[in-house]
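File shown: protein.csv (CSV, N, CA and C atoms).
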```csv
chain,number,residue,atom,x,y,z
A,1,MET,N,-6.6,-14.3,-38.1
A,1,MET,CA,-6.3,-15.3,-37.0
A,1,MET,C,-6.5,-14.6,-35.7
A,2,LYS,N,-7.2,-15.3,-34.8
A,2,LYS,CA,-7.4,-14.7,-33.4
A,2,LYS,C,-6.1,-14.8,-32.6
A,3,GLY,N,-6.0,-14.0,-31.6
A,3,GLY,CA,-4.8,-14.0,-30.8
A,3,GLY,C,-4.5,-15.3,-30.1
A,4,SER,N,-5.6,-16.0,-29.7
A,4,SER,CA,-5.3,-17.3,-29.0
A,4,SER,C,-4.9,-18.4,-30.0
A,5,ASP,N,-5.4,-18.3,-31.2
A,5,ASP,CA,-5.0,-19.2,-32.3
A,5,ASP,C,-3.5,-19.0,-32.6
A,6,ARG,N,-3.2,-17.7,-32.7
A,6,ARG,CA,-1.8,-17.4,-33.1
A,6,ARG,C,-0.8,-17.9,-32.0
A,7,ILE,N,-1.2,-17.7,-30.7
A,7,ILE,CA,-0.4,-18.2,-29.6
A,7,ILE,C,-0.2,-19.7,-29.6
A,8,ALA,N,-1.3,-20.4,-29.9
A,8,ALA,CA,-1.3,-21.8,-29.9
A,8,ALA,C,-0.4,-22.3,-31.1
A,9,ARG,N,-0.5,-21.6,-32.2
A,9,ARG,CA,0.4,-22.0,-33.3
A,9,ARG,C,1.8,-21.8,-33.0
A,10,GLN,N,2.1,-20.7,-32.4
A,10,GLN,CA,3.5,-20.3,-32.0
A,10,GLN,C,4.1,-21.4,-31.0
A,11,ARG,N,3.3,-21.8,-30.1
A,11,ARG,CA,3.7,-22.8,-29.1
A,11,ARG,C,3.9,-24.2,-29.9
A,12,ALA,N,3.1,-24.5,-30.8
A,12,ALA,CA,3.2,-25.8,-31.5
A,12,ALA,C,4.5,-25.7,-32.4
A,13,GLU,N,4.7,-24.5,-33.0
A,13,GLU,CA,5.9,-24.4,-33.8
A,13,GLU,C,7.2,-24.5,-32.9
A,14,ARG,N,7.2,-23.9,-31.8
A,14,ARG,CA,8.4,-24.0,-30.8
A,14,ARG,C,8.6,-25.5,-30.4
A,15,ARG,N,7.5,-26.1,-30.1
A,15,ARG,CA,7.6,-27.6,-29.7
A,15,ARG,C,8.1,-28.4,-30.9
A,16,GLY,N,7.7,-28.1,-32.1
A,16,GLY,CA,8.2,-28.8,-33.2
A,16,GLY,C,9.7,-28.6,-33.4
A,17,HIS,N,10.1,-27.3,-33.3
A,17,HIS,CA,11.6,-27.0,-33.4
A,17,HIS,C,12.4,-27.7,-32.4
A,18,SER,N,11.9,-27.7,-31.1
A,18,SER,CA,12.6,-28.4,-30.1
A,18,SER,C,12.7,-29.9,-30.3
A,19,ALA,N,11.6,-30.5,-30.8
A,19,ALA,CA,11.6,-31.9,-31.2
A,19,ALA,C,12.6,-32.2,-32.3
A,20,GLU,N,12.7,-31.4,-33.3
A,20,GLU,CA,13.6,-31.6,-34.4
A,20,GLU,C,15.1,-31.5,-33.8
A,21,TRP,N,15.3,-30.6,-32.9
A,21,TRP,CA,16.6,-30.4,-32.3
A,21,TRP,C,17.0,-31.7,-31.5
A,22,LEU,N,16.1,-32.2,-30.7
A,22,LEU,CA,16.3,-33.5,-29.9
A,22,LEU,C,16.5,-34.6,-30.9
A,23,ALA,N,15.7,-34.7,-31.9
A,23,ALA,CA,15.9,-35.8,-32.9
A,23,ALA,C,17.2,-35.7,-33.6
A,24,ALA,N,17.7,-34.5,-33.9
A,24,ALA,CA,19.0,-34.4,-34.5
A,24,ALA,C,20.1,-34.9,-33.6
A,25,ILE,N,20.0,-34.6,-32.3
A,25,ILE,CA,21.0,-35.0,-31.4
A,25,ILE,C,21.0,-36.5,-31.3
A,26,ALA,N,19.8,-37.1,-31.2
A,26,ALA,CA,19.7,-38.6,-31.1
A,26,ALA,C,20.3,-39.3,-32.3
A,27,LEU,N,20.0,-38.7,-33.5
A,27,LEU,CA,20.5,-39.3,-34.7
A,27,LEU,C,22.0,-39.2,-34.8
A,28,THR,N,22.5,-38.0,-34.4
A,28,THR,CA,24.0,-37.8,-34.4
A,28,THR,C,24.7,-38.8,-33.5
A,29,LEU,N,24.1,-39.1,-32.4
A,29,LEU,CA,24.7,-40.1,-31.4
A,29,LEU,C,24.6,-41.5,-32.0
A,30,LYS,N,23.7,-41.7,-33.0
A,30,LYS,CA,23.6,-43.0,-33.6
A,30,LYS,C,24.5,-43.1,-34.8
A,31,GLY,N,25.3,-42.1,-35.1
A,31,GLY,CA,26.3,-42.1,-36.2
A,31,GLY,C,25.8,-41.4,-37.5
A,32,TYR,N,24.7,-40.7,-37.4
A,32,TYR,CA,24.2,-40.0,-38.6
A,32,TYR,C,24.8,-38.6,-38.6
A,33,ARG,N,24.9,-38.1,-39.8
A,33,ARG,CA,25.3,-36.7,-40.0
A,33,ARG,C,24.1,-35.9,-40.5
A,34,ILE,N,23.7,-34.9,-39.9
A,34,ILE,CA,22.5,-34.1,-40.3
A,34,ILE,C,23.0,-33.2,-41.5
A,35,VAL,N,22.5,-33.4,-42.7
A,35,VAL,CA,22.9,-32.6,-43.8
A,35,VAL,C,21.9,-31.5,-44.2
A,36,ALA,N,20.7,-31.6,-43.7
A,36,ALA,CA,19.7,-30.5,-43.9
A,36,ALA,C,18.7,-30.5,-42.9
A,37,ARG,N,18.2,-29.3,-42.5
A,37,ARG,CA,17.1,-29.2,-41.6
A,37,ARG,C,16.0,-28.4,-42.3
A,38,ARG,N,14.8,-28.8,-42.1
A,38,ARG,CA,13.6,-28.1,-42.7
A,38,ARG,C,13.9,-27.8,-44.1
A,39,PHE,N,14.2,-28.8,-44.9
A,39,PHE,CA,14.4,-28.6,-46.4
A,39,PHE,C,13.0,-28.4,-47.0
A,40,LYS,N,12.8,-27.2,-47.6
A,40,LYS,CA,11.5,-26.9,-48.2
A,40,LYS,C,11.6,-26.8,-49.7
A,41,THR,N,10.5,-27.3,-50.3
A,41,THR,CA,10.3,-27.2,-51.8
A,41,THR,C,8.9,-26.8,-52.0
A,42,LYS,N,8.5,-26.6,-53.2
A,42,LYS,CA,7.1,-26.3,-53.5
A,42,LYS,C,6.2,-27.6,-53.3
A,43,THR,N,6.9,-28.7,-53.4
A,43,THR,CA,6.1,-30.0,-53.2
A,43,THR,C,6.0,-30.4,-51.8
A,44,GLY,N,6.9,-30.0,-50.9
A,44,GLY,CA,6.8,-30.4,-49.5
A,44,GLY,C,8.0,-30.0,-48.7
A,45,GLU,N,8.0,-30.5,-47.5
A,45,GLU,CA,9.1,-30.1,-46.6
A,45,GLU,C,9.6,-31.4,-45.9
A,46,ILE,N,10.9,-31.5,-45.6
A,46,ILE,CA,11.5,-32.6,-44.9
A,46,ILE,C,12.1,-32.0,-43.6
A,47,ASP,N,11.7,-32.5,-42.5
A,47,ASP,CA,12.2,-32.0,-41.2
A,47,ASP,C,13.7,-32.1,-41.1
A,48,LEU,N,14.2,-33.3,-41.3
A,48,LEU,CA,15.7,-33.6,-41.2
A,48,LEU,C,16.1,-34.5,-42.4
A,49,ILE,N,17.3,-34.2,-42.9
A,49,ILE,CA,17.9,-35.2,-43.8
A,49,ILE,C,19.2,-35.6,-43.2
A,50,ALA,N,19.3,-36.9,-43.0
A,50,ALA,CA,20.5,-37.4,-42.3
A,50,ALA,C,21.2,-38.4,-43.2
A,51,ARG,N,22.5,-38.4,-43.0
A,51,ARG,CA,23.3,-39.3,-43.9
A,51,ARG,C,24.3,-40.2,-43.0
A,52,LYS,N,24.4,-41.4,-43.4
A,52,LYS,CA,25.3,-42.3,-42.8
A,52,LYS,C,25.9,-43.1,-44.0
A,53,ALA,N,27.2,-42.8,-44.3
A,53,ALA,CA,27.8,-43.4,-45.5
A,53,ALA,C,27.0,-43.0,-46.7
A,54,ASN,N,26.5,-44.1,-47.5
A,54,ASN,CA,25.8,-43.8,-48.7
A,54,ASN,C,24.3,-43.9,-48.4
A,55,LEU,N,23.9,-44.0,-47.2
A,55,LEU,CA,22.4,-44.0,-46.8
A,55,LEU,C,22.0,-42.6,-46.5
A,56,VAL,N,20.9,-42.2,-47.1
A,56,VAL,CA,20.3,-40.9,-46.8
A,56,VAL,C,18.9,-41.2,-46.2
A,57,ALA,N,18.6,-40.6,-45.0
A,57,ALA,CA,17.3,-40.8,-44.4
A,57,ALA,C,16.6,-39.5,-44.4
A,58,LEU,N,15.4,-39.5,-45.0
A,58,LEU,CA,14.5,-38.4,-45.0
A,58,LEU,C,13.6,-38.6,-43.8
A,59,ILE,N,13.7,-37.7,-42.8
A,59,ILE,CA,13.2,-37.9,-41.5
A,59,ILE,C,12.0,-36.9,-41.2
A,60,GLU,N,10.9,-37.5,-40.8
A,60,GLU,CA,9.8,-36.7,-40.4
A,60,GLU,C,9.8,-36.8,-38.8
A,61,VAL,N,9.8,-35.7,-38.2
A,61,VAL,CA,9.9,-35.7,-36.7
A,61,VAL,C,8.5,-35.3,-36.2
A,62,LYS,N,8.0,-36.1,-35.3
A,62,LYS,CA,6.6,-35.9,-34.8
A,62,LYS,C,6.7,-35.9,-33.2
A,63,ALA,N,6.3,-34.8,-32.7
A,63,ALA,CA,6.2,-34.6,-31.2
A,63,ALA,C,4.7,-34.9,-30.8
A,64,ARG,N,4.5,-35.9,-30.2
A,64,ARG,CA,3.1,-36.3,-29.7
A,64,ARG,C,3.1,-36.9,-28.3
A,65,GLY,N,2.0,-37.2,-27.8
A,65,GLY,CA,1.9,-37.7,-26.4
A,65,GLY,C,2.3,-39.2,-26.4
A,66,THR,N,2.1,-39.9,-27.5
A,66,THR,CA,2.4,-41.4,-27.5
A,66,THR,C,3.2,-41.7,-28.8
A,67,GLU,N,3.9,-42.8,-28.8
A,67,GLU,CA,4.5,-43.3,-30.0
A,67,GLU,C,3.5,-43.6,-31.1
A,68,ALA,N,2.4,-44.2,-30.7
A,68,ALA,CA,1.4,-44.5,-31.7
A,68,ALA,C,0.8,-43.3,-32.4
A,69,ALA,N,0.6,-42.2,-31.6
A,69,ALA,CA,0.1,-41.0,-32.1
A,69,ALA,C,1.1,-40.4,-33.1
A,70,ALA,N,2.3,-40.5,-32.7
A,70,ALA,CA,3.4,-39.9,-33.6
A,70,ALA,C,3.4,-40.6,-34.9
A,71,LEU,N,3.4,-41.9,-34.9
A,71,LEU,CA,3.4,-42.7,-36.1
A,71,LEU,C,2.1,-42.5,-36.9
A,72,ASP,N,1.0,-42.4,-36.3
A,72,ASP,CA,-0.3,-42.2,-37.0
A,72,ASP,C,-0.3,-40.8,-37.6
A,73,ALA,N,0.5,-39.9,-37.1
A,73,ALA,CA,0.4,-38.5,-37.6
A,73,ALA,C,1.0,-38.3,-39.0
A,74,VAL,N,1.7,-39.3,-39.5
A,74,VAL,CA,2.3,-39.2,-40.8
A,74,VAL,C,1.3,-39.9,-41.8
A,75,THR,N,0.6,-39.1,-42.5
A,75,THR,CA,-0.5,-39.5,-43.4
A,75,THR,C,0.1,-39.9,-44.7
A,76,GLY,N,-0.6,-40.6,-45.6
A,76,GLY,CA,-0.2,-40.9,-46.9
A,76,GLY,C,0.2,-39.7,-47.7
A,77,THR,N,-0.6,-38.7,-47.6
A,77,THR,CA,-0.3,-37.4,-48.3
A,77,THR,C,1.0,-36.8,-47.9
A,78,ALA,N,1.2,-36.8,-46.6
A,78,ALA,CA,2.5,-36.3,-46.0
A,78,ALA,C,3.6,-37.1,-46.5
A,79,ALA,N,3.5,-38.4,-46.5
A,79,ALA,CA,4.6,-39.3,-47.0
A,79,ALA,C,4.9,-39.0,-48.5
A,80,MET,N,3.9,-38.8,-49.3
A,80,MET,CA,4.1,-38.4,-50.7
A,80,MET,C,4.8,-37.1,-50.9
A,81,ARG,N,4.5,-36.1,-50.1
A,81,ARG,CA,5.1,-34.8,-50.1
A,81,ARG,C,6.6,-34.9,-49.7
A,82,ILE,N,6.8,-35.7,-48.7
A,82,ILE,CA,8.2,-35.9,-48.2
A,82,ILE,C,9.0,-36.6,-49.3
A,83,SER,N,8.5,-37.6,-49.9
A,83,SER,CA,9.2,-38.3,-50.9
A,83,SER,C,9.5,-37.4,-52.1
A,84,ALA,N,8.5,-36.6,-52.5
A,84,ALA,CA,8.7,-35.7,-53.6
A,84,ALA,C,9.8,-34.6,-53.3
A,85,ALA,N,9.8,-34.1,-52.1
A,85,ALA,CA,10.9,-33.2,-51.7
A,85,ALA,C,12.2,-33.9,-51.6
A,86,GLY,N,12.2,-35.2,-51.2
A,86,GLY,CA,13.4,-36.0,-51.2
A,86,GLY,C,14.0,-36.2,-52.6
A,87,ASP,N,13.1,-36.4,-53.6
A,87,ASP,CA,13.6,-36.5,-54.9
A,87,ASP,C,14.3,-35.3,-55.4
A,88,ILE,N,13.7,-34.1,-55.1
A,88,ILE,CA,14.4,-32.8,-55.4
A,88,ILE,C,15.7,-32.7,-54.8
A,89,TRP,N,15.8,-33.0,-53.5
A,89,TRP,CA,17.1,-32.9,-52.8
A,89,TRP,C,18.1,-33.9,-53.4
A,90,LEU,N,17.7,-35.1,-53.7
A,90,LEU,CA,18.6,-36.1,-54.3
A,90,LEU,C,19.1,-35.6,-55.6
A,91,ALA,N,18.2,-35.0,-56.4
A,91,ALA,CA,18.7,-34.6,-57.8
A,91,ALA,C,19.8,-33.6,-57.7
A,92,ARG,N,19.9,-32.9,-56.6
A,92,ARG,CA,20.9,-31.8,-56.4
A,92,ARG,C,22.3,-32.4,-55.9
A,93,GLN,N,22.3,-33.7,-55.6
A,93,GLN,CA,23.5,-34.3,-55.0
A,93,GLN,C,24.4,-34.8,-56.1
A,94,LYS,N,25.7,-34.5,-56.0
A,94,LYS,CA,26.7,-34.9,-57.0
A,94,LYS,C,26.9,-36.4,-57.0
A,95,ASP,N,26.7,-37.1,-55.9
A,95,ASP,CA,26.9,-38.5,-55.7
A,95,ASP,C,25.6,-39.3,-55.7
A,96,ARG,N,24.6,-38.7,-56.3
A,96,ARG,CA,23.2,-39.3,-56.2
A,96,ARG,C,23.1,-40.8,-56.6
A,97,GLU,N,24.0,-41.1,-57.6
A,97,GLU,CA,23.9,-42.5,-58.2
A,97,GLU,C,24.3,-43.6,-57.2
A,98,VAL,N,25.0,-43.2,-56.1
A,98,VAL,CA,25.5,-44.2,-55.2
A,98,VAL,C,24.6,-44.2,-53.9
A,99,LEU,N,23.7,-43.2,-53.8
A,99,LEU,CA,23.0,-43.1,-52.5
A,99,LEU,C,21.7,-43.9,-52.5
A,100,SER,N,21.4,-44.4,-51.3
A,100,SER,CA,20.2,-45.2,-51.0
A,100,SER,C,19.3,-44.2,-50.2
A,101,ILE,N,18.0,-44.2,-50.5
A,101,ILE,CA,17.1,-43.3,-49.8
A,101,ILE,C,16.2,-44.1,-48.9
A,102,ARG,N,16.0,-43.6,-47.7
A,102,ARG,CA,15.1,-44.3,-46.7
A,102,ARG,C,14.2,-43.2,-46.1
A,103,ARG,N,13.0,-43.5,-45.8
A,103,ARG,CA,12.1,-42.6,-45.1
A,103,ARG,C,11.8,-43.1,-43.7
A,104,ASP,N,12.2,-42.2,-42.8
A,104,ASP,CA,12.1,-42.6,-41.3
A,104,ASP,C,11.2,-41.6,-40.6
A,105,ILE,N,10.8,-42.0,-39.4
A,105,ILE,CA,10.1,-41.2,-38.5
A,105,ILE,C,10.9,-41.2,-37.2
A,106,VAL,N,11.0,-40.0,-36.5
A,106,VAL,CA,11.5,-40.0,-35.2
A,106,VAL,C,10.3,-39.4,-34.3
A,107,ALA,N,9.9,-40.2,-33.4
A,107,ALA,CA,8.8,-39.9,-32.4
A,107,ALA,C,9.5,-39.2,-31.2
A,108,VAL,N,9.0,-38.0,-30.9
A,108,VAL,CA,9.5,-37.4,-29.7
A,108,VAL,C,8.3,-37.3,-28.7
A,109,ILE,N,8.5,-38.0,-27.6
A,109,ILE,CA,7.4,-38.2,-26.6
A,109,ILE,C,7.9,-37.4,-25.4
A,110,PRO,N,7.0,-36.7,-24.6
A,110,PRO,CA,7.5,-36.0,-23.5
A,110,PRO,C,8.2,-36.9,-22.5
A,111,TRP,N,9.3,-36.4,-22.0
A,111,TRP,CA,10.1,-37.0,-20.9
A,111,TRP,C,10.8,-38.3,-21.3
A,112,ARG,N,10.9,-38.6,-22.6
A,112,ARG,CA,11.5,-39.8,-23.1
A,112,ARG,C,12.5,-39.4,-24.2
A,113,TRP,N,13.5,-40.3,-24.4
A,113,TRP,CA,14.5,-40.1,-25.5
A,113,TRP,C,13.8,-40.4,-26.8
A,114,PRO,N,14.1,-39.6,-27.8
A,114,PRO,CA,13.4,-39.8,-29.1
A,114,PRO,C,13.6,-41.2,-29.7
A,115,LYS,N,12.5,-41.7,-30.2
A,115,LYS,CA,12.5,-43.1,-30.8
A,115,LYS,C,12.6,-43.0,-32.3
A,116,HIS,N,13.6,-43.7,-32.9
A,116,HIS,CA,13.8,-43.7,-34.3
A,116,HIS,C,13.2,-44.9,-35.0
A,117,TYR,N,12.3,-44.7,-36.0
A,117,TYR,CA,11.7,-45.7,-36.7
A,117,TYR,C,12.2,-45.7,-38.1
A,118,PRO,N,13.3,-46.5,-38.4
A,118,PRO,CA,13.8,-46.6,-39.8
A,118,PRO,C,12.8,-47.2,-40.8
A,119,ASP,N,12.8,-46.7,-42.0
A,119,ASP,CA,12.0,-47.2,-43.1
A,119,ASP,C,10.5,-47.3,-42.7
A,120,ALA,N,10.0,-46.2,-42.1
A,120,ALA,CA,8.7,-46.2,-41.5
A,120,ALA,C,7.6,-46.0,-42.5
A,121,PHE,N,7.9,-45.4,-43.7
A,121,PHE,CA,6.9,-45.2,-44.7
A,121,PHE,C,7.5,-45.2,-46.1
```

Output the file's structure in the form of structure tokens.
Amino acid sequence: MKGSDRIARQRAERRGHSAEWLAAIALTLKGYRIVARRFKTKTGEIDLIARKANLVALIEVKARGTEAAALDAVTGTAAMRISAAGDIWLARQKDREVLSIRRDIVAVIPWRWPKHYPDAF
């Protein structure tokens, strides 16, 4: 990997981590409890897992220039990977039989408060 590619990747990674942090704050203020960050499995990764009572939200955080670009960035393949990782997380929960799962997107746009899209995919 060239030096400029590595630097661009590091910047994108930092921007992603900052976006996840902002999304976590926004969700917490909406009454969610963040129960996992960057949950990784062989099948995929979930940026945030948030819980509100018996509702569990598998959240993909996208930092883009526009809300439309953020929503479009979650492809069908990504959605399947997130769902598969969510199934693994759910299987590890003692109270899994009472939990409802939802797949959300949080769009983080420059100079705006993060926008939460429940049940986005």

Mind the document's chain letters and residue numbers, and return as an mmCIF file with N, CA and C atoms, in the coordinates of the input the residues of range 12-43 of chain A that DSSP labels alpha helix (DSSP H).
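selection_12.cif written:
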```cif
data_model
loop_
_atom_site.group_PDB
_atom_site.id
_atom_site.type_symbol
_atom_site.label_atom_id
_atom_site.label_comp_id
_atom_site.auth_asym_id
_atom_site.auth_seq_id
_atom_site.Cartn_x
_atom_site.Cartn_y
_atom_site.Cartn_z
ATOM 1 N N ALA A 12 3.100 -24.500 -30.800
ATOM 2 C CA ALA A 12 3.200 -25.800 -31.500
ATOM 3 C C ALA A 12 4.500 -25.700 -32.400
ATOM 4 N N GLU A 13 4.700 -24.500 -33.000
ATOM 5 C CA GLU A 13 5.900 -24.400 -33.800
ATOM 6 C C GLU A 13 7.200 -24.500 -32.900
ATOM 7 N N ARG A 14 7.200 -23.900 -31.800
ATOM 8 C CA ARG A 14 8.400 -24.000 -30.800
ATOM 9 C C ARG A 14 8.600 -25.500 -30.400
ATOM 10 N N ARG A 15 7.500 -26.100 -30.100
ATOM 11 C CA ARG A 15 7.600 -27.600 -29.700
ATOM 12 C C ARG A 15 8.100 -28.400 -30.900
ATOM 13 N N GLY A 16 7.700 -28.100 -32.100
ATOM 14 C CA GLY A 16 8.200 -28.800 -33.200
ATOM 15 C C GLY A 16 9.700 -28.600 -33.400
ATOM 16 N N HIS A 17 10.100 -27.300 -33.300
ATOM 17 C CA HIS A 17 11.600 -27.000 -33.400
ATOM 18 C C HIS A 17 12.400 -27.700 -32.400
ATOM 19 N N SER A 18 11.900 -27.700 -31.100
ATOM 20 C CA SER A 18 12.600 -28.400 -30.100
ATOM 21 C C SER A 18 12.700 -29.900 -30.300
ATOM 22 N N ALA A 19 11.600 -30.500 -30.800
ATOM 23 C CA ALA A 19 11.600 -31.900 -31.200
ATOM 24 C C ALA A 19 12.600 -32.200 -32.300
ATOM 25 N N GLU A 20 12.700 -31.400 -33.300
ATOM 26 C CA GLU A 20 13.600 -31.600 -34.400
ATOM 27 C C GLU A 20 15.100 -31.500 -33.800
ATOM 28 N N TRP A 21 15.300 -30.600 -32.900
ATOM 29 C CA TRP A 21 16.600 -30.400 -32.300
ATOM 30 C C TRP A 21 17.000 -31.700 -31.500
ATOM 31 N N LEU A 22 16.100 -32.200 -30.700
ATOM 32 C CA LEU A 22 16.300 -33.500 -29.900
ATOM 33 C C LEU A 22 16.500 -34.600 -30.900
ATOM 34 N N ALA A 23 15.700 -34.700 -31.900
ATOM 35 C CA ALA A 23 15.900 -35.800 -32.900
ATOM 36 C C ALA A 23 17.200 -35.700 -33.600
ATOM 37 N N ALA A 24 17.700 -34.500 -33.900
ATOM 38 C CA ALA A 24 19.000 -34.400 -34.500
ATOM 39 C C ALA A 24 20.100 -34.900 -33.600
ATOM 40 N N ILE A 25 20.000 -34.600 -32.300
ATOM 41 C CA ILE A 25 21.000 -35.000 -31.400
ATOM 42 C C ILE A 25 21.000 -36.500 -31.300
ATOM 43 N N ALA A 26 19.800 -37.100 -31.200
ATOM 44 C CA ALA A 26 19.700 -38.600 -31.100
ATOM 45 C C ALA A 26 20.300 -39.300 -32.300
ATOM 46 N N LEU A 27 20.000 -38.700 -33.500
ATOM 47 C CA LEU A 27 20.500 -39.300 -34.700
ATOM 48 C C LEU A 27 22.000 -39.200 -34.800
ATOM 49 N N THR A 28 22.500 -38.000 -34.400
ATOM 50 C CA THR A 28 24.000 -37.800 -34.400
ATOM 51 C C THR A 28 24.700 -38.800 -33.500
ATOM 52 N N LEU A 29 24.100 -39.100 -32.400
ATOM 53 C CA LEU A 29 24.700 -40.100 -31.400
ATOM 54 C C LEU A 29 24.600 -41.500 -32.000
#
```

- Item | Among listed residues A:Thr75, A:Pro114, A:Leu55, A:Ala19, nearest Val98 in chain A (using all atoms listed in the file) |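 Distance minimum relative to Val98 in chain A lands on A:Leu55.
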
- Task: Do a neighbour search on Glu60 in chain A at 5 Å with all atoms listed in the file, toss out local chain neighbours closer than 4 positions, and write the hits as JSON, numbers by chain.
- Result: {"A": [104, 105, 106]}

- Task: For Leu99 in chain A, work out the shell of residues within 8 Å, counting all atoms listed in the file and skipping chain neighbours fewer than 6 positions away, then give it as a list in words.
- Result: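 Here the answer would be Ala53, Asn54, Leu55 and Val56 of chain A.
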
- Task: Counting only N, CA and C atoms, note down every residue that has an atom within 7 Å of the point (11.1, -44.1, -37.3) (file coordinates), as a list in words.
- Result: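 Residues found, by chain and rising number: Arg103, Asp104, Ile105, Val106, Ala107, Lys115, His116, Tyr117, Pro118, Asp119 and Ala120 of chain A.
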
- Contact residues around Arg37 in chain A with all atoms listed in the file at 6 Å, ignoring same-chain residues under 2 positions, as a list of chain:residue names: A:Val35, A:Phe39, A:Ile46, A:Asp47, A:Leu48, A:Ile49

- Item | Pairwise distance for atom C of Ala36 in chain A and atom N of Ala50 in chain A, rounded to one decimal in Å |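 Interatomic distance, atom C of Ala36 in chain A to atom N of Ala50 in chain A: 6.4 Å.
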
- Task: Just list the residues in chain A DSSP gives strand (DSSP E) on the backbone, as an MDAnalysis selection string.
- Result: chainID A and resid 33:40 45:52 55:63 100:108 115:117

- Residue neighbourhood Gly86 in chain A, 8 Å, all atoms listed in the file, exclusion window fewer than 2 positions, as a VMD selection string: chain A and resid 43 to 46 58 80 to 84 88 to 92

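For the pair atom N of Arg33 in chain A and atom C of Gly16 in chain A, the interatomic distance is 19.0 Å.
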
- Message: If I take atom C of Ser100 in chain A and atom C of His17 in chain A, how far is one from the other in Å, to one decimal?
- Response: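 Atom-to-atom, atom C of Ser100 in chain A to atom C of His17 in chain A, that is 25.2 Å.
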